[in-house]
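Asks: Structure: entry18.cif, mmCIF, C-alpha atoms and all ligand atoms.
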```cif
data_model
loop_
_atom_site.label_atom_id
_atom_site.label_comp_id
_atom_site.auth_asym_id
_atom_site.auth_seq_id
_atom_site.Cartn_x
_atom_site.Cartn_y
_atom_site.Cartn_z
CA MET X 1 -0.31 11.09 -10.23
CA ILE X 2 1.20 7.63 -10.11
CA THR X 3 2.18 6.00 -6.84
CA PHE X 4 5.04 3.50 -6.68
CA LEU X 5 5.68 0.98 -3.91
CA SER X 6 9.42 0.90 -3.39
CA GLY X 7 12.41 -0.62 -1.68
CA GLY X 8 15.91 0.72 -2.14
CA THR X 9 17.20 -0.64 -5.47
CA GLY X 10 14.88 -2.15 -8.11
CA THR X 11 12.06 0.40 -7.92
CA PRO X 12 14.43 3.39 -7.58
CA LYS X 13 16.00 2.24 -10.87
CA LEU X 14 12.55 2.52 -12.44
CA LEU X 15 11.96 5.89 -10.76
CA ARG X 16 15.20 7.13 -12.33
CA GLY X 17 13.42 6.65 -15.66
CA VAL X 18 10.03 7.94 -14.53
CA GLN X 19 11.53 11.22 -13.31
CA GLU X 20 12.66 11.97 -16.86
CA LEU X 21 9.11 11.54 -18.21
CA LEU X 22 6.78 12.92 -15.55
CA ASP X 23 6.68 16.14 -13.58
CA GLU X 24 8.07 15.11 -10.18
CA ARG X 25 4.98 16.49 -8.49
CA GLU X 26 3.06 13.73 -10.30
CA ILE X 27 5.15 11.01 -8.64
CA GLY X 28 4.29 9.49 -5.27
CA VAL X 29 6.45 6.83 -3.64
CA VAL X 30 5.38 4.67 -0.70
CA VAL X 31 8.61 3.41 0.78
CA ASN X 32 9.45 0.39 2.89
CA THR X 33 10.64 1.24 6.41
CA ALA X 34 11.09 -2.27 7.80
CA ASP X 35 14.88 -2.01 7.20
CA ASP X 36 15.12 1.08 9.43
CA MET X 37 17.42 1.12 12.42
CA TRP X 38 19.16 3.35 14.92
CA LEU X 39 22.96 3.42 14.58
CA SER X 40 25.25 5.43 16.88
CA GLY X 41 22.20 7.34 18.06
CA ASN X 42 21.07 8.31 14.55
CA HIS X 43 18.13 7.11 12.50
CA LEU X 44 18.75 5.21 9.26
CA SER X 45 15.86 4.70 6.89
CA PRO X 46 17.79 3.16 4.01
CA ASP X 47 15.01 2.89 1.44
CA VAL X 48 13.55 6.31 2.23
CA ASP X 49 17.03 7.81 1.92
CA THR X 50 17.70 6.14 -1.44
CA VAL X 51 14.43 7.44 -2.89
CA MET X 52 14.94 10.90 -1.38
CA TYR X 53 18.54 11.14 -2.63
CA LEU X 54 17.44 10.00 -6.10
CA PHE X 55 15.03 12.92 -6.44
CA ALA X 56 17.51 15.29 -4.78
CA GLU X 57 20.06 14.22 -7.41
CA LEU X 58 22.44 13.17 -4.65
CA LEU X 59 22.20 9.40 -4.93
CA ASP X 60 25.26 7.23 -5.51
CA THR X 61 23.78 5.16 -8.34
CA SER X 62 26.81 2.86 -8.48
CA ARG X 63 25.57 1.32 -5.17
CA TRP X 64 21.96 2.60 -5.02
CA TRP X 65 22.51 3.86 -1.49
CA GLY X 66 24.31 6.77 0.11
CA ILE X 67 25.36 10.10 -1.31
CA ARG X 68 27.60 10.42 -4.37
CA ASP X 69 31.20 11.44 -3.58
CA ASP X 70 30.49 11.41 0.15
CA THR X 71 33.42 11.16 2.58
CA CYS X 72 33.70 8.76 5.56
CA ILE X 73 35.73 10.84 7.96
CA THR X 74 33.35 10.39 10.88
CA HIS X 75 32.94 6.66 10.28
CA ASP X 76 36.72 6.16 10.15
CA PHE X 77 37.37 8.26 13.26
CA LEU X 78 34.61 6.41 15.13
CA GLN X 79 36.50 3.20 14.37
CA THR X 80 39.65 4.74 15.87
CA LEU X 81 37.53 5.42 18.97
CA GLY X 82 36.46 1.77 19.09
CA VAL X 83 32.95 2.27 17.67
CA ASP X 84 32.57 -0.45 15.06
CA GLU X 85 29.63 0.56 12.89
CA PHE X 86 28.89 -2.31 10.54
CA ILE X 87 27.57 0.05 7.86
CA THR X 88 29.98 2.53 6.29
CA VAL X 89 27.91 5.66 6.68
CA GLY X 90 29.14 8.65 4.70
CA ASP X 91 29.44 12.04 6.38
CA ARG X 92 26.65 13.79 4.51
CA ASP X 93 24.46 10.69 4.69
CA ARG X 94 25.10 10.69 8.45
CA ALA X 95 24.00 14.33 8.64
CA VAL X 96 20.61 13.25 7.30
CA HIS X 97 20.44 10.46 9.90
CA VAL X 98 21.36 12.92 12.67
CA ALA X 99 18.70 15.38 11.51
CA ARG X 100 16.05 12.67 11.27
CA GLY X 101 16.99 11.24 14.67
CA GLU X 102 16.65 14.68 16.24
CA MET X 103 13.26 15.23 14.62
CA LEU X 104 11.98 11.83 15.79
CA ARG X 105 13.30 12.36 19.32
CA GLY X 106 11.59 15.75 19.28
CA GLY X 107 8.24 14.03 18.68
CA MET X 108 7.80 14.23 14.93
CA THR X 109 6.50 11.23 13.03
CA LEU X 110 8.66 9.62 10.36
CA THR X 111 6.24 10.99 7.76
CA GLU X 112 6.69 14.54 9.08
CA ALA X 113 10.46 14.18 9.34
CA THR X 114 10.63 12.87 5.77
CA LYS X 115 8.55 15.80 4.57
CA VAL X 116 10.94 18.25 6.22
CA LEU X 117 14.00 16.50 4.78
CA CYS X 118 12.45 16.42 1.31
CA ARG X 119 11.73 20.14 1.51
CA ARG X 120 15.27 20.91 2.64
CA LEU X 121 16.70 18.73 -0.14
CA ASP X 122 14.43 20.29 -2.77
CA VAL X 123 12.54 17.09 -3.53
CA SER X 124 9.14 17.74 -5.06
CA ALA X 125 8.05 14.12 -5.50
CA THR X 126 5.89 12.88 -2.63
CA VAL X 127 8.04 10.47 -0.59
CA LEU X 128 5.98 8.64 2.01
CA PRO X 129 7.24 6.15 4.59
CA MET X 130 4.77 3.24 4.54
CA THR X 131 3.89 3.68 8.24
CA ASP X 132 4.76 5.73 11.31
CA THR X 133 4.79 2.56 13.43
CA ALA X 134 8.22 1.03 14.05
CA VAL X 135 8.39 -2.38 12.38
CA THR X 136 11.52 -4.36 11.60
CA THR X 137 12.32 -7.33 9.38
CA PHE X 138 14.28 -10.07 11.12
CA VAL X 139 15.63 -13.25 9.55
CA GLN X 140 15.86 -16.45 11.55
CA THR X 141 19.37 -17.92 11.57
CA GLY X 142 21.37 -20.55 13.47
CA MET X 143 22.66 -17.60 15.55
CA GLY X 144 19.11 -16.55 16.42
CA PRO X 145 16.99 -13.73 14.96
CA MET X 146 19.02 -11.15 13.04
CA HIS X 147 18.09 -7.67 11.79
CA PHE X 148 17.88 -7.77 8.00
CA GLN X 149 20.62 -5.13 7.72
CA GLU X 150 22.96 -7.27 9.90
CA TYR X 151 22.25 -10.25 7.67
CA TRP X 152 22.75 -8.41 4.41
CA VAL X 153 25.34 -5.74 5.22
CA ARG X 154 27.44 -7.25 8.03
CA HIS X 155 27.25 -10.90 6.88
CA ARG X 156 26.72 -10.18 3.15
CA GLY X 157 23.89 -12.72 3.14
CA ALA X 158 26.34 -15.59 3.82
CA VAL X 159 24.24 -17.02 6.65
CA ALA X 160 21.62 -19.76 6.26
CA ILE X 161 18.14 -18.45 7.01
CA THR X 162 15.07 -20.45 7.90
CA GLY X 163 12.42 -17.79 8.34
CA VAL X 164 11.50 -14.12 8.04
CA THR X 165 9.51 -12.24 10.66
CA ARG X 166 8.37 -8.69 11.25
CA GLU X 167 8.87 -7.39 14.80
CA CYS X 168 6.70 -4.55 16.10
CA ARG X 169 5.07 -3.40 19.33
CA GLU X 170 1.77 -2.76 17.58
CA PRO X 171 0.67 -3.90 14.12
CA PRO X 172 1.74 -1.28 11.57
CA ALA X 173 -0.97 0.71 9.84
CA ALA X 174 -0.54 2.70 6.65
CA THR X 175 -0.55 6.44 7.25
CA GLU X 176 -3.42 8.60 6.02
CA GLU X 177 -0.99 10.11 3.53
CA VAL X 178 -0.19 6.68 2.07
CA LEU X 179 -3.84 5.73 1.69
CA ALA X 180 -4.68 9.11 0.15
CA ALA X 181 -1.81 8.78 -2.33
CA ILE X 182 -2.94 5.31 -3.39
CA GLU X 183 -6.55 6.43 -3.70
CA GLY X 184 -5.74 9.65 -5.54
CA SER X 185 -3.48 8.05 -8.16
CA ASP X 186 -4.21 7.08 -11.74
CA ALA X 187 -2.48 3.77 -11.01
CA VAL X 188 -0.14 2.12 -8.53
CA VAL X 189 3.08 0.48 -9.66
CA ILE X 190 4.77 -2.18 -7.55
CA GLY X 191 8.31 -1.84 -8.80
CA PRO X 192 10.77 -4.72 -9.12
CA SER X 193 11.75 -4.62 -5.46
CA ASN X 194 12.36 -7.52 -3.11
CA PRO X 195 8.92 -9.10 -2.52
CA VAL X 196 9.81 -10.27 1.02
CA THR X 197 11.77 -7.41 2.56
CA SER X 198 10.57 -4.39 0.58
CA ILE X 199 7.07 -4.93 -0.84
CA SER X 200 5.46 -7.32 1.68
CA PRO X 201 6.13 -4.95 4.61
CA ILE X 202 4.17 -2.27 2.71
CA LEU X 203 1.35 -4.68 1.83
CA GLU X 204 1.19 -5.81 5.47
CA CYS X 205 0.40 -2.27 6.70
CA ALA X 206 -3.28 -2.14 7.64
CA GLY X 207 -5.34 -0.54 4.89
CA VAL X 208 -2.91 -0.97 2.00
CA ARG X 209 -4.24 -4.18 0.40
CA ASP X 210 -7.85 -2.90 0.58
CA ALA X 211 -6.87 0.41 -1.00
CA LEU X 212 -4.94 -1.42 -3.74
CA ARG X 213 -7.92 -3.64 -4.56
CA ARG X 214 -9.79 -0.47 -5.56
CA GLN X 215 -6.93 0.69 -7.80
CA CYS X 216 -5.33 -0.27 -11.07
CA VAL X 217 -2.13 -2.06 -9.95
CA ILE X 218 0.82 -3.02 -12.12
CA ALA X 219 3.67 -5.12 -10.68
CA ILE X 220 7.08 -5.79 -12.18
CA SER X 221 8.96 -8.95 -11.29
CA PRO X 222 12.48 -8.69 -9.81
CA PHE X 223 13.22 -12.30 -10.90
CA ILE X 224 14.47 -13.83 -14.13
CA GLY X 225 14.24 -17.61 -13.91
CA ASP X 226 15.08 -18.75 -10.39
CA ALA X 227 17.39 -15.83 -9.63
CA PRO X 228 16.75 -12.21 -8.71
CA VAL X 229 18.49 -9.59 -10.85
CA SER X 230 20.54 -8.77 -7.73
CA GLY X 231 20.53 -9.22 -3.97
CA PRO X 232 19.31 -11.89 -1.55
CA ALA X 233 15.69 -12.23 -2.71
CA ALA X 234 15.97 -15.95 -3.58
CA ALA X 235 17.04 -17.04 -0.07
CA LEU X 236 14.45 -14.72 1.46
CA MET X 237 11.64 -16.06 -0.75
CA ARG X 238 12.52 -19.65 0.25
CA ALA X 239 12.64 -18.69 3.94
CA PHE X 240 9.27 -16.95 3.48
CA GLY X 241 7.77 -20.16 2.04
CA ARG X 242 7.64 -18.87 -1.53
CA GLU X 243 9.17 -20.02 -4.80
CA PRO X 244 12.07 -17.70 -5.74
CA THR X 245 10.71 -16.89 -9.19
CA SER X 246 8.30 -14.57 -10.95
CA LEU X 247 5.59 -17.14 -10.23
CA GLY X 248 6.27 -16.95 -6.49
CA THR X 249 6.19 -13.15 -6.77
CA TYR X 250 2.94 -13.20 -8.76
CA GLN X 251 1.33 -15.48 -6.17
CA MET X 252 2.14 -12.94 -3.44
CA TYR X 253 0.45 -10.09 -5.31
CA ARG X 254 -2.25 -11.66 -7.47
CA ASP X 255 -5.21 -10.64 -5.27
CA ILE X 256 -4.41 -6.96 -5.86
CA LEU X 257 -3.02 -7.04 -9.42
CA ASP X 258 -4.32 -5.88 -12.76
CA ILE X 259 -1.13 -6.37 -14.77
CA PHE X 260 1.94 -8.49 -13.97
CA VAL X 261 5.11 -7.73 -15.91
CA GLN X 262 7.92 -10.25 -16.42
CA ASP X 263 11.20 -9.79 -18.19
CA VAL X 264 11.36 -10.89 -21.82
CA ARG X 265 14.17 -13.30 -20.86
CA ASP X 266 12.26 -14.99 -18.04
CA PRO X 267 11.71 -18.71 -18.81
CA VAL X 268 8.92 -18.97 -16.23
CA GLU X 269 5.48 -18.92 -17.87
CA ILE X 270 2.65 -17.07 -16.14
CA GLU X 271 -0.63 -16.95 -17.95
CA GLY X 272 -1.70 -13.43 -18.82
CA ALA X 273 1.60 -11.81 -17.80
CA LEU X 274 3.01 -9.07 -19.96
CA ARG X 275 6.59 -9.27 -21.23
CA LEU X 276 8.88 -6.24 -21.20
CA ASP X 277 12.62 -5.65 -21.09
CA THR X 278 12.94 -4.96 -17.35
CA LEU X 279 16.75 -5.02 -17.05
CA MET X 280 17.62 -1.43 -16.14
CA VAL X 281 21.36 -1.60 -16.69
CA ASN X 282 21.63 2.13 -17.38
CA ARG X 283 19.60 5.34 -17.34
CA GLY X 284 18.39 4.79 -20.91
CA LYS X 285 17.00 1.35 -20.04
CA SER X 286 15.27 2.82 -16.98
CA VAL X 287 13.63 5.44 -19.21
CA ASP X 288 12.56 2.77 -21.74
CA LEU X 289 10.88 0.65 -19.06
CA ALA X 290 9.32 3.74 -17.47
CA ARG X 291 7.90 4.74 -20.86
CA ASP X 292 6.44 1.25 -21.35
CA VAL X 293 4.85 1.34 -17.90
CA LEU X 294 3.42 4.83 -18.40
CA SER X 295 1.94 3.79 -21.74
CA LEU X 296 0.16 0.91 -19.98
CA ILE X 297 -1.40 3.50 -17.67
CA TYR X 298 -2.07 6.38 -20.04
CA GLY X 299 -2.23 4.44 -23.31
CA ARG X 300 0.33 6.54 -25.13
P1 LIG X 401 16.70 -3.22 -1.45
O1 LIG X 401 15.84 -2.40 -0.56
O2 LIG X 401 18.08 -2.65 -1.65
O3 LIG X 401 16.67 -4.69 -1.16
O4 LIG X 401 16.11 -3.03 -2.89
P2 LIG X 401 14.72 -3.40 -3.56
O5 LIG X 401 13.92 -4.31 -2.72
O6 LIG X 401 14.09 -2.12 -4.03
O7 LIG X 401 15.23 -4.10 -4.86
C1 LIG X 401 15.90 -5.34 -4.84
C2 LIG X 401 15.39 -6.15 -5.99
O8 LIG X 401 15.56 -5.38 -7.18
C3 LIG X 401 16.17 -7.43 -6.22
O9 LIG X 401 15.33 -8.52 -5.91
C4 LIG X 401 16.54 -7.39 -7.69
O10 LIG X 401 16.27 -8.61 -8.35
C5 LIG X 401 15.69 -6.28 -8.24
N1 LIG X 401 16.31 -5.54 -9.34
C6 LIG X 401 17.44 -4.80 -9.28
N2 LIG X 401 17.70 -4.28 -10.49
C7 LIG X 401 16.72 -4.71 -11.33
C8 LIG X 401 16.45 -4.51 -12.72
O11 LIG X 401 17.16 -3.80 -13.44
N3 LIG X 401 15.35 -5.14 -13.22
C9 LIG X 401 14.53 -5.94 -12.46
N4 LIG X 401 13.48 -6.52 -13.04
N5 LIG X 401 14.77 -6.12 -11.14
C10 LIG X 401 15.84 -5.52 -10.59
#
```
Could you show the structure in this file as structure tokens?

Replies:
Amino acid sequence: MITFLSGGTGTPKLLRGVQELLDEREIGVVVNTADDMWLSGNHLSPDVDTVMYLFAELLDTSRWWGIRDDTCITHDFLQTLGVDEFITVGDRDRAVHVARGEMLRGGMTLTEATKVLCRRLDVSATVLPMTDTAVTTFVQTGMGPMHFQEYWVRHRGAVAITGVTRECREPPAATEEVLAAIEGSDAVVIGPSNPVTSISPILECAGVRDALRRQCVIAISPFIGDAPVSGPAAALMRAFGREPTSLGTYQMYRDILDIFVQDVRDPVEIEGALRLDTLMVNRGKSVDLARDVLSLIYGR
């Protein structure tokens, strides 16, 4: 088994390739939950949903979120009723949020609810929320602290940010399932996800860094030069006090890393880093990178 640490875009692109090469039951994914939120009474777990939909073959891979060919009838009618949801939630996607919200209100943990949803959606990969403790990423702005989803979805990242914080009632701890997956794997892969909003929240869960130190860990950079392949990672890295490059990424992970992978086009030099083509512009490129990563682990 290989365990991946994932957000909702870069690592799922890699998983799209891995799923073609490995039996899904050999794939574990520890997923960021610090972007989670309640919306209109329902529970959104955007990164968990993306990973779950990928394995369920439902994912809209033109956006890397939501369900392919979903409709927005409920969202549109809610607007008519004066409910202005800032995320356009599709109808079937919403059904998942309703089901999860009901399960959580009924006393299930997020891990249990995810397990049920995966079973119902015929997902045989192991999809694990990083923690069952509610923790949320906020960015600091001139308008005050803002939920990361508000910053990125409502404001499209067009707001200056000066800091990034995690808000929680109690410090998040990794679940037993997460620690067992890390420990029971042949290797752990930190995919090319946002280091600040997707990977750091996982690494901050109590127990994760220690478990990773005992494992073979490979990380793939989401940066080429001083720009991420997509998304707001550069502004977030700066606000987090890190250089928005592969070097800044490497510095965040180096205490737990065995192999650091940079793109072949990346002008930033990091001693000892491995160079691969990491640009997953289509399914074939995802499979190529997945094959390269698997051969690092299994030597074939
Ligand atoms: P989020 O939850 O939607 O923010 O998604 P992630 O954190 O999983 O992924 C976002 C990161 O993926 C961004 O920083 C991108 O630079 C990176 N990314 C997206 N596509 C690729 C790709 O094809 N190759 C690499 N190396 N990084 C990518």

Asks: Go through the chains and note each residue within 8 Å of ligand LIG 401 (chain X), using all atoms listed in the file, then give the set as a tab-separated table (two decimals) with C-alpha atoms, in the coordinates of the input.

Replies:
```tsv
chain	number	residue	atom	x	y	z
X	6	SER	CA	9.42	0.90	-3.39
X	7	GLY	CA	12.41	-0.62	-1.68
X	8	GLY	CA	15.91	0.72	-2.14
X	9	THR	CA	17.20	-0.64	-5.47
X	10	GLY	CA	14.88	-2.15	-8.11
X	11	THR	CA	12.06	0.40	-7.92
X	12	PRO	CA	14.43	3.39	-7.58
X	13	LYS	CA	16.00	2.24	-10.87
X	14	LEU	CA	12.55	2.52	-12.44
X	32	ASN	CA	9.45	0.39	2.89
X	35	ASP	CA	14.88	-2.01	7.20
X	46	PRO	CA	17.79	3.16	4.01
X	47	ASP	CA	15.01	2.89	1.44
X	64	TRP	CA	21.96	2.60	-5.02
X	65	TRP	CA	22.51	3.86	-1.49
X	191	GLY	CA	8.31	-1.84	-8.80
X	192	PRO	CA	10.77	-4.72	-9.12
X	193	SER	CA	11.75	-4.62	-5.46
X	194	ASN	CA	12.36	-7.52	-3.11
X	195	PRO	CA	8.92	-9.10	-2.52
X	197	THR	CA	11.77	-7.41	2.56
X	198	SER	CA	10.57	-4.39	0.58
X	199	ILE	CA	7.07	-4.93	-0.84
X	220	ILE	CA	7.08	-5.79	-12.18
X	221	SER	CA	8.96	-8.95	-11.29
X	222	PRO	CA	12.48	-8.69	-9.81
X	223	PHE	CA	13.22	-12.30	-10.90
X	224	ILE	CA	14.47	-13.83	-14.13
X	227	ALA	CA	17.39	-15.83	-9.63
X	228	PRO	CA	16.75	-12.21	-8.71
X	229	VAL	CA	18.49	-9.59	-10.85
X	230	SER	CA	20.54	-8.77	-7.73
X	231	GLY	CA	20.53	-9.22	-3.97
X	232	PRO	CA	19.31	-11.89	-1.55
X	233	ALA	CA	15.69	-12.23	-2.71
X	234	ALA	CA	15.97	-15.95	-3.58
X	262	GLN	CA	7.92	-10.25	-16.42
X	263	ASP	CA	11.20	-9.79	-18.19
X	278	THR	CA	12.94	-4.96	-17.35
X	279	LEU	CA	16.75	-5.02	-17.05
X	280	MET	CA	17.62	-1.43	-16.14
X	281	VAL	CA	21.36	-1.60	-16.69
X	286	SER	CA	15.27	2.82	-16.98
```

Asks: Nearest residue to Gln19 of chain X out of X:Ser124, X:Thr114, X:Thr74, X:Thr136, using only C-alpha atoms?

Replies: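 Using only C-alpha atoms, Gln19 of chain X sits closest to X:Ser124.
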
Asks: Could the centre and edge lengths of an axis-aligned box, enclosing all atoms of segment 59-72 of chain X in the file with 5 Å extra on each side, be given in Å to one decimal as AutoDock Vina command-line options?

Replies:
```
--center_x 27.8 --center_y 6.4 --center_z -1.5 --size_x 21.7 --size_y 20.1 --size_z 24.0
```

Asks: For each of X:Arg100, X:Arg214, X:Arg209, X:His75, take the minimum atom-to-atom distance to Ala174 of chain X, counting all atoms listed in the file, then give the residue where this is smallest.

Replies: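 Selected residue with least distance to Ala174 of chain X: X:Arg209.
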
Asks: Looking at X:Ala34, X:Met103, X:Leu22, X:Leu212, which one is nearest to Glu167 of chain X, with distances taken over all atoms listed in the file?

Replies: X:Ala34

Asks: Using all atoms listed in the file, list the residues that have an atom at most 8 Å from (16.9, -21.4, 6.8), coordinates as in the file, as number ranges by chain.

Replies: X: 140-141, 160-163, 239

Asks: Measuring between all atoms listed in the file, which one of X:Phe4, X:Phe86, X:Arg120, X:Phe77 shows the shortest distance to Tyr151 of chain X?

Replies: X:Phe86

Asks: Suppose you want the space between atom CA of Phe260 of chain X and atom CA of Gly248 of chain X; what is it in Å?

Replies: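 So the answer is 12.1 Å.
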
Asks: Just checking: using all atoms listed in the file, which residue out of X:Val196, X:Ala180, X:Val188, X:Leu110 ends up closest to Thr165 of chain X?

Replies: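 Of the candidates, the smallest distance to Thr165 of chain X is held by X:Val196.
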